[in-house]
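Raw work.cif, mmCIF, C-alpha atoms (C1' of nucleotides):
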data_data
#
loop_
_atom_site.group_PDB
_atom_site.id
_atom_site.type_symbol
_atom_site.label_atom_id
_atom_site.label_comp_id
_atom_site.auth_asym_id
_atom_site.auth_seq_id
_atom_site.Cartn_x
_atom_site.Cartn_y
_atom_site.Cartn_z
ATOM 1 C CA MET A 974 0.000 0.000 0.000
ATOM 2 C CA GLY A 975 2.719 2.400 1.011
ATOM 3 C CA LYS A 976 4.682 1.482 -2.064
ATOM 4 C CA CYS A 977 1.619 1.951 -4.194
ATOM 5 C CA LEU A 978 0.954 5.397 -2.815
ATOM 6 C CA LEU A 979 4.557 6.422 -3.245
ATOM 7 C CA LYS A 980 4.518 5.214 -6.797
ATOM 8 C CA PHE A 981 1.337 7.105 -7.533
ATOM 9 C CA GLN A 982 2.680 10.327 -6.054
ATOM 10 C CA ASN A 983 5.793 9.855 -8.092
ATOM 11 C CA LEU A 984 3.763 9.510 -11.230
ATOM 12 C CA GLN A 985 1.829 12.644 -10.418
ATOM 13 C CA LEU A 986 4.981 14.621 -9.780
ATOM 14 C CA LEU A 987 6.895 13.505 -12.808
ATOM 15 C CA GLU A 988 3.857 13.522 -15.063
ATOM 16 C CA TYR A 989 4.813 10.026 -16.130
ATOM 17 C CA PHE A 990 1.809 8.756 -17.959
ATOM 18 C CA ALA A 991 1.179 6.041 -20.419
ATOM 19 C CA VAL A 992 -2.281 5.598 -21.813
ATOM 20 C CA MET A 993 -4.282 3.006 -23.544
ATOM 21 C CA PRO A 994 -6.911 5.289 -24.919
ATOM 22 C CA GLU A 995 -9.906 3.780 -26.611
ATOM 23 C CA LEU A 996 -13.236 5.414 -27.347
ATOM 24 C CA PRO A 997 -14.229 6.070 -23.699
ATOM 25 C CA GLU A 998 -10.813 7.480 -22.790
ATOM 26 C CA VAL A 999 -10.785 9.720 -25.866
ATOM 27 C CA GLU A 1000 -14.361 10.824 -25.164
ATOM 28 C CA THR A 1001 -13.387 11.643 -21.566
ATOM 29 C CA THR A 1002 -10.450 13.662 -22.845
ATOM 30 C CA ALA A 1003 -12.593 15.562 -25.348
ATOM 31 C CA ARG A 1004 -15.176 16.469 -22.714
ATOM 32 C CA ALA A 1005 -12.501 17.670 -20.304
ATOM 33 C CA LEU A 1006 -10.741 19.812 -22.899
ATOM 34 C CA SER A 1007 -13.825 21.549 -24.233
ATOM 35 C CA GLN A 1008 -14.315 24.037 -21.409
ATOM 36 C CA PRO A 1009 -10.728 25.304 -21.152
ATOM 37 C CA LEU A 1010 -10.190 25.317 -24.921
ATOM 38 C CA VAL A 1011 -13.306 26.589 -26.682
ATOM 39 C CA GLY A 1012 -13.017 30.298 -27.366
ATOM 40 C CA ARG A 1013 -9.238 30.337 -26.933
ATOM 41 C CA THR A 1014 -6.947 31.462 -29.730
ATOM 42 C CA VAL A 1015 -3.622 29.818 -30.539
ATOM 43 C CA THR A 1016 -0.738 32.253 -30.148
ATOM 44 C CA GLY A 1017 2.216 29.919 -30.601
ATOM 45 C CA MET A 1018 3.347 26.351 -31.211
ATOM 46 C CA TRP A 1019 6.345 24.287 -30.153
ATOM 47 C CA ASN A 1020 7.476 20.794 -31.184
ATOM 48 C CA ASP A 1021 10.631 18.771 -30.618
ATOM 49 C CA TRP A 1022 9.585 15.464 -32.182
ATOM 50 C CA PRO A 1023 8.854 15.995 -35.873
ATOM 51 C CA LYS A 1024 7.152 12.607 -36.251
ATOM 52 C CA HIS A 1025 4.375 13.836 -33.978
ATOM 53 C CA LEU A 1026 3.191 16.020 -36.814
ATOM 54 C CA ALA A 1027 1.546 13.736 -39.335
ATOM 55 C CA THR A 1028 0.806 16.740 -41.535
ATOM 56 C CA PRO A 1029 1.926 19.385 -42.260
ATOM 57 C CA ILE A 1030 5.505 19.879 -41.063
ATOM 58 C CA LEU A 1031 6.225 22.386 -38.288
ATOM 59 C CA PRO A 1032 6.713 25.696 -40.101
ATOM 60 C CA GLU A 1033 3.515 25.334 -42.107
ATOM 61 C CA PHE A 1034 1.599 23.857 -39.161
ATOM 62 C CA ARG A 1035 2.531 26.818 -36.981
ATOM 63 C CA HIS A 1036 1.813 29.345 -39.714
ATOM 64 C CA ARG A 1037 -1.652 27.939 -40.317
ATOM 65 C CA ILE A 1038 -2.736 27.413 -36.697
ATOM 66 C CA VAL A 1039 -1.469 30.592 -35.005
ATOM 67 C CA GLY A 1040 -4.310 33.096 -34.838
ATOM 68 C CA LYS A 1041 -6.990 30.400 -35.114
ATOM 69 C CA ARG A 1042 -9.635 30.032 -32.424
ATOM 70 C CA PHE A 1043 -11.007 26.755 -31.026
ATOM 71 C CA HIS A 1044 -14.706 26.359 -31.807
ATOM 72 C CA SER A 1045 -15.353 22.858 -30.477
ATOM 73 C CA VAL A 1046 -13.673 19.719 -29.210
ATOM 74 C CA GLY A 1047 -15.135 16.400 -30.276
ATOM 75 C CA ARG A 1048 -14.283 12.829 -31.075
ATOM 76 C CA ARG A 1049 -14.531 10.450 -34.009
ATOM 77 C CA GLY A 1050 -13.399 6.894 -33.288
ATOM 78 C CA LYS A 1051 -10.198 7.306 -31.325
ATOM 79 C CA TYR A 1052 -9.401 10.680 -32.876
ATOM 80 C CA LEU A 1053 -9.829 13.936 -31.010
ATOM 81 C CA VAL A 1054 -11.354 16.495 -33.366
ATOM 82 C CA PHE A 1055 -10.625 20.190 -32.780
ATOM 83 C CA HIS A 1056 -12.675 22.511 -34.971
ATOM 84 C CA LEU A 1057 -10.805 25.765 -35.417
ATOM 85 C CA ASP A 1058 -11.583 28.913 -37.390
ATOM 86 C CA GLU A 1059 -12.340 28.034 -40.983
ATOM 87 C CA PRO A 1060 -10.978 26.225 -42.782
ATOM 88 C CA GLU A 1061 -8.776 24.369 -40.302
ATOM 89 C CA THR A 1062 -9.466 21.220 -38.272
ATOM 90 C CA MET A 1063 -6.875 19.633 -36.005
ATOM 91 C CA LEU A 1064 -6.938 15.909 -35.264
ATOM 92 C CA VAL A 1065 -4.992 14.211 -32.494
ATOM 93 C CA HIS A 1066 -4.548 10.469 -32.132
ATOM 94 C CA LEU A 1067 -3.227 9.542 -28.696
ATOM 95 C CA LYS A 1068 -2.212 6.030 -29.776
ATOM 96 C CA MET A 1069 -0.578 4.194 -26.865
ATOM 97 C CA SER A 1070 0.732 6.755 -24.454
ATOM 98 C CA GLY A 1071 -0.642 10.117 -25.493
ATOM 99 C CA HIS A 1072 -2.127 12.550 -22.981
ATOM 100 C CA LEU A 1073 -3.554 16.009 -23.588
ATOM 101 C CA ALA A 1074 -4.020 18.689 -20.973
ATOM 102 C CA VAL A 1075 -4.591 22.440 -20.777
ATOM 103 C CA VAL A 1076 -2.416 23.880 -18.033
ATOM 104 C CA PRO A 1077 -1.033 27.296 -17.062
ATOM 105 C CA GLY A 1078 2.070 28.024 -19.120
ATOM 106 C CA VAL A 1079 4.076 28.647 -15.954
ATOM 107 C CA GLU A 1080 3.718 25.024 -14.838
ATOM 108 C CA PRO A 1081 6.843 22.972 -15.499
ATOM 109 C CA ALA A 1082 6.405 20.564 -18.387
ATOM 110 C CA SER A 1083 7.305 16.895 -18.452
ATOM 111 C CA LYS A 1084 10.169 15.868 -20.701
ATOM 112 C CA HIS A 1085 7.634 13.737 -22.532
ATOM 113 C CA VAL A 1086 5.734 16.764 -23.824
ATOM 114 C CA HIS A 1087 6.721 16.889 -27.487
ATOM 115 C CA THR A 1088 4.059 19.140 -28.978
ATOM 116 C CA LEU A 1089 2.605 22.235 -27.346
ATOM 117 C CA PHE A 1090 0.212 25.042 -28.275
ATOM 118 C CA GLU A 1091 0.278 28.409 -26.523
ATOM 119 C CA LEU A 1092 -3.087 30.053 -25.911
ATOM 120 C CA ASP A 1093 -4.138 33.676 -25.638
ATOM 121 C CA ASN A 1094 -4.848 33.459 -21.886
ATOM 122 C CA GLY A 1095 -1.425 32.132 -20.909
ATOM 123 C CA ASP A 1096 -2.519 28.503 -20.795
ATOM 124 C CA GLU A 1097 -0.962 25.813 -22.922
ATOM 125 C CA LEU A 1098 -2.395 22.746 -24.629
ATOM 126 C CA ARG A 1099 0.283 20.132 -24.040
ATOM 127 C CA PHE A 1100 0.624 16.805 -25.809
ATOM 128 C CA ARG A 1101 2.610 14.467 -23.584
ATOM 129 C CA ASP A 1102 3.495 11.168 -25.226
ATOM 130 C CA THR A 1103 6.010 8.865 -23.606
ATOM 131 C CA ARG A 1104 6.155 6.324 -26.399
ATOM 132 C CA LYS A 1105 5.930 8.867 -29.183
ATOM 133 C CA PHE A 1106 3.331 6.933 -31.163
ATOM 134 C CA GLY A 1107 0.819 9.791 -31.152
ATOM 135 C CA ARG A 1108 0.037 11.884 -34.213
ATOM 136 C CA VAL A 1109 -1.292 15.406 -34.844
ATOM 137 C CA TYR A 1110 -2.924 16.505 -38.089
ATOM 138 C CA LEU A 1111 -3.936 19.941 -39.319
ATOM 139 C CA LEU A 1112 -6.364 19.492 -42.167
ATOM 140 C CA GLN A 1113 -8.780 21.519 -44.216
ATOM 141 C CA ASP A 1114 -10.683 18.358 -45.050
ATOM 142 C CA PRO A 1115 -10.606 16.013 -42.014
ATOM 143 C CA GLN A 1116 -12.548 13.443 -44.024
ATOM 144 C CA THR A 1117 -9.320 12.455 -45.726
ATOM 145 C CA VAL A 1118 -8.463 10.785 -42.407
ATOM 146 C CA LEU A 1119 -11.811 10.256 -40.690
ATOM 147 C CA GLY A 1120 -13.528 9.035 -43.838
ATOM 148 C CA LYS A 1121 -11.734 5.713 -43.614
ATOM 149 C CA LEU A 1122 -13.309 4.898 -40.255
ATOM 150 C CA GLY A 1123 -16.183 2.510 -39.744
ATOM 151 C CA PRO A 1124 -19.427 3.540 -38.015
ATOM 152 C CA GLU A 1125 -19.585 5.071 -34.548
ATOM 153 C CA PRO A 1126 -20.684 2.279 -32.210
ATOM 154 C CA LEU A 1127 -22.808 4.603 -30.072
ATOM 155 C CA SER A 1128 -24.563 6.425 -32.909
ATOM 156 C CA ASP A 1129 -28.258 6.049 -33.686
ATOM 157 C CA THR A 1130 -27.475 4.623 -37.105
ATOM 158 C CA PHE A 1131 -25.476 1.749 -35.630
ATOM 159 C CA THR A 1132 -28.426 -0.553 -35.072
ATOM 160 C CA PRO A 1133 -28.449 -4.304 -34.338
ATOM 161 C CA ASP A 1134 -29.631 -4.921 -37.909
ATOM 162 C CA VAL A 1135 -26.815 -2.851 -39.374
ATOM 163 C CA PHE A 1136 -24.297 -4.708 -37.228
ATOM 164 C CA TYR A 1137 -25.652 -8.108 -38.223
ATOM 165 C CA THR A 1138 -25.281 -7.179 -41.877
ATOM 166 C CA MET A 1139 -21.733 -5.958 -41.262
ATOM 167 C CA LEU A 1140 -20.805 -9.251 -39.591
ATOM 168 C CA ARG A 1141 -22.346 -11.392 -42.302
ATOM 169 C CA ARG A 1142 -20.457 -9.569 -45.031
ATOM 170 C CA ARG A 1143 -17.132 -10.507 -43.471
ATOM 171 C CA LYS A 1144 -15.466 -13.793 -42.797
ATOM 172 C CA ARG A 1145 -12.972 -12.900 -40.135
ATOM 173 C CA ILE A 1146 -12.066 -13.866 -36.587
ATOM 174 C CA LEU A 1147 -14.257 -11.752 -34.332
ATOM 175 C CA LYS A 1148 -11.706 -10.177 -32.025
ATOM 176 C CA PRO A 1149 -9.351 -8.778 -34.702
ATOM 177 C CA LEU A 1150 -12.389 -7.652 -36.681
ATOM 178 C CA LEU A 1151 -13.684 -5.596 -33.741
ATOM 179 C CA LEU A 1152 -10.283 -3.940 -33.493
ATOM 180 C CA ASP A 1153 -10.326 -3.024 -37.191
ATOM 181 C CA GLN A 1154 -11.086 0.706 -37.192
ATOM 182 C CA THR A 1155 -12.373 0.593 -40.752
ATOM 183 C CA PHE A 1156 -14.953 -1.953 -39.610
ATOM 184 C CA LEU A 1157 -16.021 -0.215 -36.394
ATOM 185 C CA ALA A 1158 -14.497 2.966 -34.973
ATOM 186 C CA GLY A 1159 -13.253 3.328 -31.419
ATOM 187 C CA VAL A 1160 -13.176 -0.190 -29.984
ATOM 188 C CA GLY A 1161 -9.758 -1.242 -28.696
ATOM 189 C CA ASN A 1162 -8.332 -4.258 -26.949
ATOM 190 C CA ILE A 1163 -9.888 -3.716 -23.526
ATOM 191 C CA TYR A 1164 -13.424 -2.927 -24.626
ATOM 192 C CA ALA A 1165 -13.427 -5.655 -27.265
ATOM 193 C CA ASP A 1166 -12.745 -8.268 -24.593
ATOM 194 C CA GLU A 1167 -15.368 -6.743 -22.308
ATOM 195 C CA ALA A 1168 -17.986 -6.597 -25.069
ATOM 196 C CA LEU A 1169 -17.418 -10.226 -26.073
ATOM 197 C CA HIS A 1170 -17.725 -11.322 -22.460
ATOM 198 C CA PHE A 1171 -20.950 -9.371 -21.962
ATOM 199 C CA ALA A 1172 -22.290 -11.049 -25.088
ATOM 200 C CA ALA A 1173 -21.069 -14.502 -24.001
ATOM 201 C CA VAL A 1174 -19.478 -14.907 -27.428
ATOM 202 C CA ARG A 1175 -16.042 -16.432 -27.904
ATOM 203 C CA PRO A 1176 -13.462 -14.066 -29.470
ATOM 204 C CA THR A 1177 -12.280 -16.800 -31.841
ATOM 205 C CA ARG A 1178 -15.643 -17.100 -33.594
ATOM 206 C CA ILE A 1179 -15.855 -16.291 -37.297
ATOM 207 C CA SER A 1180 -17.918 -13.175 -37.948
ATOM 208 C CA ASN A 1181 -20.345 -14.624 -40.470
ATOM 209 C CA THR A 1182 -21.246 -17.596 -38.275
ATOM 210 C CA LEU A 1183 -22.967 -15.577 -35.560
ATOM 211 C CA SER A 1184 -26.698 -16.050 -35.252
ATOM 212 C CA SER A 1185 -28.849 -12.942 -35.276
ATOM 213 C CA SER A 1186 -29.385 -13.258 -31.533
ATOM 214 C CA GLU A 1187 -25.650 -13.622 -30.914
ATOM 215 C CA SER A 1188 -25.041 -10.605 -33.123
ATOM 216 C CA GLU A 1189 -27.640 -8.658 -31.187
ATOM 217 C CA ALA A 1190 -26.019 -9.654 -27.916
ATOM 218 C CA LEU A 1191 -22.630 -8.513 -29.186
ATOM 219 C CA HIS A 1192 -24.086 -5.220 -30.384
ATOM 220 C CA ALA A 1193 -25.523 -4.686 -26.910
ATOM 221 C CA GLY A 1194 -22.267 -5.804 -25.314
ATOM 222 C CA ILE A 1195 -20.235 -3.298 -27.306
ATOM 223 C CA GLN A 1196 -22.533 -0.444 -26.329
ATOM 224 C CA LYS A 1197 -22.693 -1.573 -22.712
ATOM 225 C CA ALA A 1198 -18.898 -1.771 -22.413
ATOM 226 C CA LEU A 1199 -18.344 1.607 -24.072
ATOM 227 C CA ASN A 1200 -21.084 3.386 -22.126
ATOM 228 C CA LEU A 1201 -19.762 1.939 -18.897
ATOM 229 C CA GLY A 1202 -16.290 3.126 -19.825
ATOM 230 C CA ILE A 1203 -17.539 6.639 -20.551
ATOM 231 C CA SER A 1204 -19.565 6.852 -17.344
ATOM 232 C CA ARG A 1205 -16.521 5.716 -15.373
ATOM 233 C CA GLU A 1206 -14.289 8.148 -17.293
ATOM 234 C CA GLY A 1207 -11.980 5.534 -18.738
ATOM 235 C CA ALA A 1208 -9.844 2.662 -17.510
ATOM 236 C CA SER A 1209 -6.727 3.692 -15.599
ATOM 237 C CA ILE A 1210 -4.721 0.596 -16.350
ATOM 238 C CA ASP A 1211 -0.979 1.150 -16.331
ATOM 239 C CA ASN A 1212 -0.848 4.889 -16.161
ATOM 240 C CA TYR A 1213 -3.844 6.280 -17.984
ATOM 241 C CA ARG A 1214 -5.108 9.495 -16.421
ATOM 242 C CA LYS A 1215 -7.767 12.008 -17.305
ATOM 243 C CA PRO A 1216 -6.545 15.394 -18.553
ATOM 244 C CA ASP A 1217 -6.592 16.758 -14.983
ATOM 245 C CA GLY A 1218 -4.366 13.895 -13.819
ATOM 246 C CA SER A 1219 -7.015 11.990 -11.890
ATOM 247 C CA MET A 1220 -7.885 8.361 -12.532
ATOM 248 C CA GLY A 1221 -10.827 6.847 -14.310
ATOM 249 C CA SER A 1222 -12.531 3.917 -12.609
ATOM 250 C CA MET A 1223 -13.347 1.485 -15.411
ATOM 251 C CA GLN A 1224 -10.435 -0.738 -14.317
ATOM 252 C CA ASN A 1225 -12.386 -1.605 -11.166
ATOM 253 C CA VAL A 1226 -15.283 -3.209 -13.007
ATOM 254 C CA LEU A 1227 -13.563 -5.115 -15.812
ATOM 255 C CA VAL A 1228 -14.985 -8.612 -16.235
ATOM 256 C CA ALA A 1229 -12.519 -10.093 -18.738
ATOM 257 C CA TYR A 1230 -9.557 -7.876 -19.599
ATOM 258 C CA GLY A 1231 -6.562 -8.424 -17.344
ATOM 259 C CA ARG A 1232 -8.334 -11.097 -15.300
ATOM 260 C CA ALA A 1233 -6.520 -14.202 -16.553
ATOM 261 C CA GLY A 1234 -6.653 -16.943 -13.932
ATOM 262 C CA GLU A 1235 -9.442 -15.241 -11.996
ATOM 263 C CA PRO A 1236 -12.980 -16.615 -11.793
ATOM 264 C CA CYS A 1237 -15.609 -15.466 -14.266
ATOM 265 C CA ASN A 1238 -18.182 -13.331 -12.485
ATOM 266 C CA ARG A 1239 -20.988 -14.971 -14.450
ATOM 267 C CA CYS A 1240 -20.258 -18.695 -14.277
ATOM 268 C CA GLY A 1241 -17.216 -19.158 -12.068
ATOM 269 C CA GLY A 1242 -15.055 -20.485 -14.898
ATOM 270 C CA ILE A 1243 -11.423 -19.402 -15.035
ATOM 271 C CA ILE A 1244 -10.677 -16.493 -17.366
ATOM 272 C CA GLU A 1245 -8.162 -17.530 -20.008
ATOM 273 C CA LYS A 1246 -5.602 -15.394 -21.804
ATOM 274 C CA ILE A 1247 -4.657 -16.157 -25.394
ATOM 275 C CA VAL A 1248 -3.116 -14.236 -28.276
ATOM 276 C CA LEU A 1249 -5.310 -13.371 -31.251
ATOM 277 C CA GLY A 1250 -4.028 -11.266 -34.095
ATOM 278 C CA SER A 1251 -0.989 -10.595 -31.900
ATOM 279 C CA ARG A 1252 -3.207 -9.034 -29.208
ATOM 280 C CA SER A 1253 -3.713 -10.352 -25.707
ATOM 281 C CA THR A 1254 -7.263 -11.646 -25.476
ATOM 282 C CA HIS A 1255 -9.149 -12.533 -22.301
ATOM 283 C CA PHE A 1256 -12.290 -14.656 -22.205
ATOM 284 C CA CYS A 1257 -14.170 -17.256 -20.194
ATOM 285 C CA PRO A 1258 -13.913 -20.637 -21.932
ATOM 286 C CA GLN A 1259 -16.901 -21.883 -19.961
ATOM 287 C CA CYS A 1260 -19.650 -19.373 -20.744
ATOM 288 C CA GLN A 1261 -18.387 -17.622 -23.887
ATOM 289 C CA VAL A 1262 -19.411 -19.952 -26.713
ATOM 290 C "C1'" DA B 1244 -10.397 -10.883 -48.693
ATOM 291 C "C1'" DC B 1245 -7.804 -12.140 -45.060
ATOM 292 C "C1'" DC B 1246 -3.671 -13.232 -42.189
ATOM 293 C "C1'" DG B 1247 0.809 -12.784 -39.978
ATOM 294 C "C1'" DG B 1248 4.831 -10.301 -38.957
ATOM 295 C "C1'" DA B 1249 7.870 -6.217 -38.669
ATOM 296 C "C1'" DG B 1250 8.309 -1.642 -37.214
ATOM 297 C "C1'" DC B 1251 7.459 2.414 -34.553
ATOM 298 C "C1'" DC B 1252 8.695 3.713 -29.060
ATOM 299 C "C1'" DT B 1253 10.065 3.560 -23.996
ATOM 300 C "C1'" DG B 1254 8.915 2.432 -19.132
ATOM 301 C "C1'" DT B 1255 8.089 -1.602 -16.601
ATOM 302 C "C1'" DT B 1256 8.751 -6.159 -15.268
ATOM 303 C "C1'" DA B 1257 10.049 -11.018 -15.572
ATOM 304 C "C1'" DG B 1258 13.941 -13.818 -15.614
ATOM 305 C "C1'" DC B 1259 18.594 -15.030 -15.100
ATOM 306 C "C1'" DT C 82 21.284 -6.798 -6.396
ATOM 307 C "C1'" DG C 83 22.047 -5.782 -11.309
ATOM 308 C "C1'" DC C 84 21.714 -6.651 -15.752
ATOM 309 C "C1'" DT C 85 19.206 -7.869 -20.090
ATOM 310 C "C1'" DA C 86 15.294 -9.330 -22.720
ATOM 311 C "C1'" DA C 87 10.604 -9.561 -23.181
ATOM 312 C "C1'" DC C 88 6.425 -7.145 -23.042
ATOM 313 C "C1'" DA C 89 2.651 -3.786 -23.725
ATOM 314 C "C1'" DG C 90 -0.241 -2.103 -27.715
ATOM 315 C "C1'" DG C 91 -2.818 1.179 -32.107
ATOM 316 C "C1'" DC C 92 -1.870 1.377 -36.457
ATOM 317 C "C1'" DT C 93 0.536 1.016 -41.071
ATOM 318 C "C1'" DC C 94 3.002 -1.363 -44.392
ATOM 319 C "C1'" DC C 95 4.449 -5.490 -46.655
ATOM 320 C "C1'" DG C 96 4.449 -10.187 -48.380
ATOM 321 C "C1'" DG C 97 1.918 -14.530 -48.711
#
Show this structure as structure tokens.
Amino acid sequence: MGKCLLKFQNLQLLEYFAVMPELPEVETTARALSQPLVGRTVTGMWNDWPKHLATPILPEFRHRIVGKRFHSVGRRGKYLVFHLDEPETMLVHLKMSGHLAVVPGVEPASKHVHTLFELDNGDELRFRDTRKFGRVYLLQDPQTVLGKLGPEPLSDTFTPDVFYTMLRRRKRILKPLLLDQTFLAGVGNIYADEALHFAAVRPTRISNTLSSSESEALHAGIQKALNLGISREGASIDNYRKPDGSMGSMQNVLVAYGRAGEPCNRCGGIIEKIVLGSRSTHFCPQCQV
DNA sequence: ACCGGAGCCTGTTAGC
DNA sequence: TGCTAACAGGCTCCGG
């Protein structure tokens, strides 16, 4: 306990954060950034890791974004979507370890902050990214990136019927298919395992072999897992934190992910961990059929 | 159409 | 105790 606390305080101090952001974590980030960002104007930009900038490169990025005002902060799949003054839209993908926060410019920055935007009130939007997988885009037509994504799993148009049709059109192993962002946007490794467990469907099943009732159960499971994740403000596994540094609580109610060897909360079977599509996959071999 | 593997990264942890 | 190697994982690219 003491060690745990010390470790946590250390993390807070050093701003050492890794993240596994999926839809709920990105949604939590978007909601937290909206208030401090909307209405602010960018006055400067700094970057020390060129690969962070997917497009364009720094001089042009800075030239186009300075003077632009934030109109809204949203999300599409796992992308954060910042609508700026016409015609610019900025996208940020946090990938594995990205973290965004708006903080007073006088606060010391972590060494893992590699991209930073100065705002007209003295605050800064800081992109901290330990593993440097994250990417930032400044686009006039965000559809060039977002257009490749599959449907939003929480939208009104993503109905059980639509999902059943999507599954029948493919012949792929379920788990990797759910992680395919062109198939469905926003589901990652944690929530895929949770959704499949809720639905009592085995992750190794082939997509076009699901019955309509199994498909319906999986549709419900996906929405249940994601909504739970949003209401609990994300899963703070490893070092994920909300923009203000506090923890989400989804990790406390996981039923499959990270529970290998522990009893299934539905049937008492032992949760198994396998590798599927080179991703760790957790499921109950007893009740997920 | 689908699958598997490499590569991008670095902090953490398992193993010797 | 101290070192190294494996691991984590979203996504893209490549070859089969």
Sorted by chain and rising residue number, list the residues of chain B at most 9 Å from chain A (counting all atoms listed in the file), each with its closest atom pair and distance in Å to one decimal, as JSON lines.
{"residue": "B:DA1244", "atom": "C1'", "partner": "A:Lys1144", "partner_atom": "CA", "distance": 8.3}
{"residue": "B:DC1245", "atom": "C1'", "partner": "A:Arg1145", "partner_atom": "CA", "distance": 7.2}
{"residue": "B:DC1246", "atom": "C1'", "partner": "A:Gly1250", "partner_atom": "CA", "distance": 8.3}
{"residue": "B:DG1247", "atom": "C1'", "partner": "A:Gly1250", "partner_atom": "CA", "distance": 7.8}
{"residue": "B:DC1251", "atom": "C1'", "partner": "A:Phe1106", "partner_atom": "CA", "distance": 7.0}
{"residue": "B:DC1252", "atom": "C1'", "partner": "A:Arg1104", "partner_atom": "CA", "distance": 4.5}
{"residue": "B:DT1253", "atom": "C1'", "partner": "A:Arg1104", "partner_atom": "CA", "distance": 5.4}
{"residue": "B:DG1254", "atom": "C1'", "partner": "A:Thr1103", "partner_atom": "CA", "distance": 8.4}
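For the residues A:Gln1113, A:Asp1093, A:Thr1028, A:Ser1219, ranking by smallest atom-to-atom distance to Phe1055 in chain A using only C-alpha atoms places A:Gln1113 first.
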* To do: At a cut-off of 9 Å, list the chain A residues touching chain C, using only C-alpha atoms (C1' of nucleotides), as a list of chain:residue names.
  => A:Met993, A:Lys1068, A:Met1069, A:Phe1106, A:Gly1161, A:Asn1162, A:Arg1252
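Between CA of Ile1247 in chain A and CA of Glu1206 in chain A the separation is 27.4 Å.
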* To do: Please provide as a VMD selection string all residues within 8 Å of Asp1021 in chain A, with the sequence filter that same-chain residues fewer than 2 positions apart are discarded (counting only C-alpha atoms (C1' of nucleotides)).
  => chain A and resid 1019 1023 1087 to 1088
* Give me the residues within 12 Å of Gly1241 in chain A as a PyMOL selection string, counting only C-alpha atoms (C1' of nucleotides) and dropping any in the same chain fewer than 2 places off. => chain A and resi 1228+1234-1239+1243-1244+1257-1261
Take the PyMOL selection byres ((chain A and resi 1039-1047) around 9), apply it to the structure above, and return the hits as a CSV table (one decimal) with C-alpha atoms, in the frame of the given file.
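Wrote expr10.csv, looks like this:
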chain,number,residue,atom,x,y,z
A,1000,GLU,CA,-14.4,10.8,-25.2
A,1003,ALA,CA,-12.6,15.6,-25.3
A,1004,ARG,CA,-15.2,16.5,-22.7
A,1006,LEU,CA,-10.7,19.8,-22.9
A,1007,SER,CA,-13.8,21.5,-24.2
A,1008,GLN,CA,-14.3,24.0,-21.4
A,1010,LEU,CA,-10.2,25.3,-24.9
A,1011,VAL,CA,-13.3,26.6,-26.7
A,1012,GLY,CA,-13.0,30.3,-27.4
A,1013,ARG,CA,-9.2,30.3,-26.9
A,1014,THR,CA,-6.9,31.5,-29.7
A,1015,VAL,CA,-3.6,29.8,-30.5
A,1016,THR,CA,-0.7,32.3,-30.1
A,1017,GLY,CA,2.2,29.9,-30.6
A,1018,MET,CA,3.3,26.4,-31.2
A,1034,PHE,CA,1.6,23.9,-39.2
A,1035,ARG,CA,2.5,26.8,-37.0
A,1036,HIS,CA,1.8,29.3,-39.7
A,1037,ARG,CA,-1.7,27.9,-40.3
A,1038,ILE,CA,-2.7,27.4,-36.7
A,1048,ARG,CA,-14.3,12.8,-31.1
A,1049,ARG,CA,-14.5,10.4,-34.0
A,1052,TYR,CA,-9.4,10.7,-32.9
A,1053,LEU,CA,-9.8,13.9,-31.0
A,1054,VAL,CA,-11.4,16.5,-33.4
A,1055,PHE,CA,-10.6,20.2,-32.8
A,1056,HIS,CA,-12.7,22.5,-35.0
A,1057,LEU,CA,-10.8,25.8,-35.4
A,1058,ASP,CA,-11.6,28.9,-37.4
A,1059,GLU,CA,-12.3,28.0,-41.0
A,1061,GLU,CA,-8.8,24.4,-40.3
A,1090,PHE,CA,0.2,25.0,-28.3
A,1091,GLU,CA,0.3,28.4,-26.5
* Asked: Residues picked by the PyMOL selection byres ((chain A and resi 1262) around 12) here, as a VMD selection string?
  -> chain A and resid 1169 to 1179 1182 to 1184 1187 1256 to 1261
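Selection by the PyMOL selection byres ((chain A and resi 1101) around 6) on the present file picks out Gly1071, His1072, His1085, Val1086, Phe1100 and Asp1102 of chain A.
If you look at CA of Leu1119 in chain A and CA of Leu1201 in chain A, they are 24.6 Å away from each other.
As for CA of Ser1209 in chain A and CA of Thr1132 in chain A, they are spaced 29.5 Å apart.
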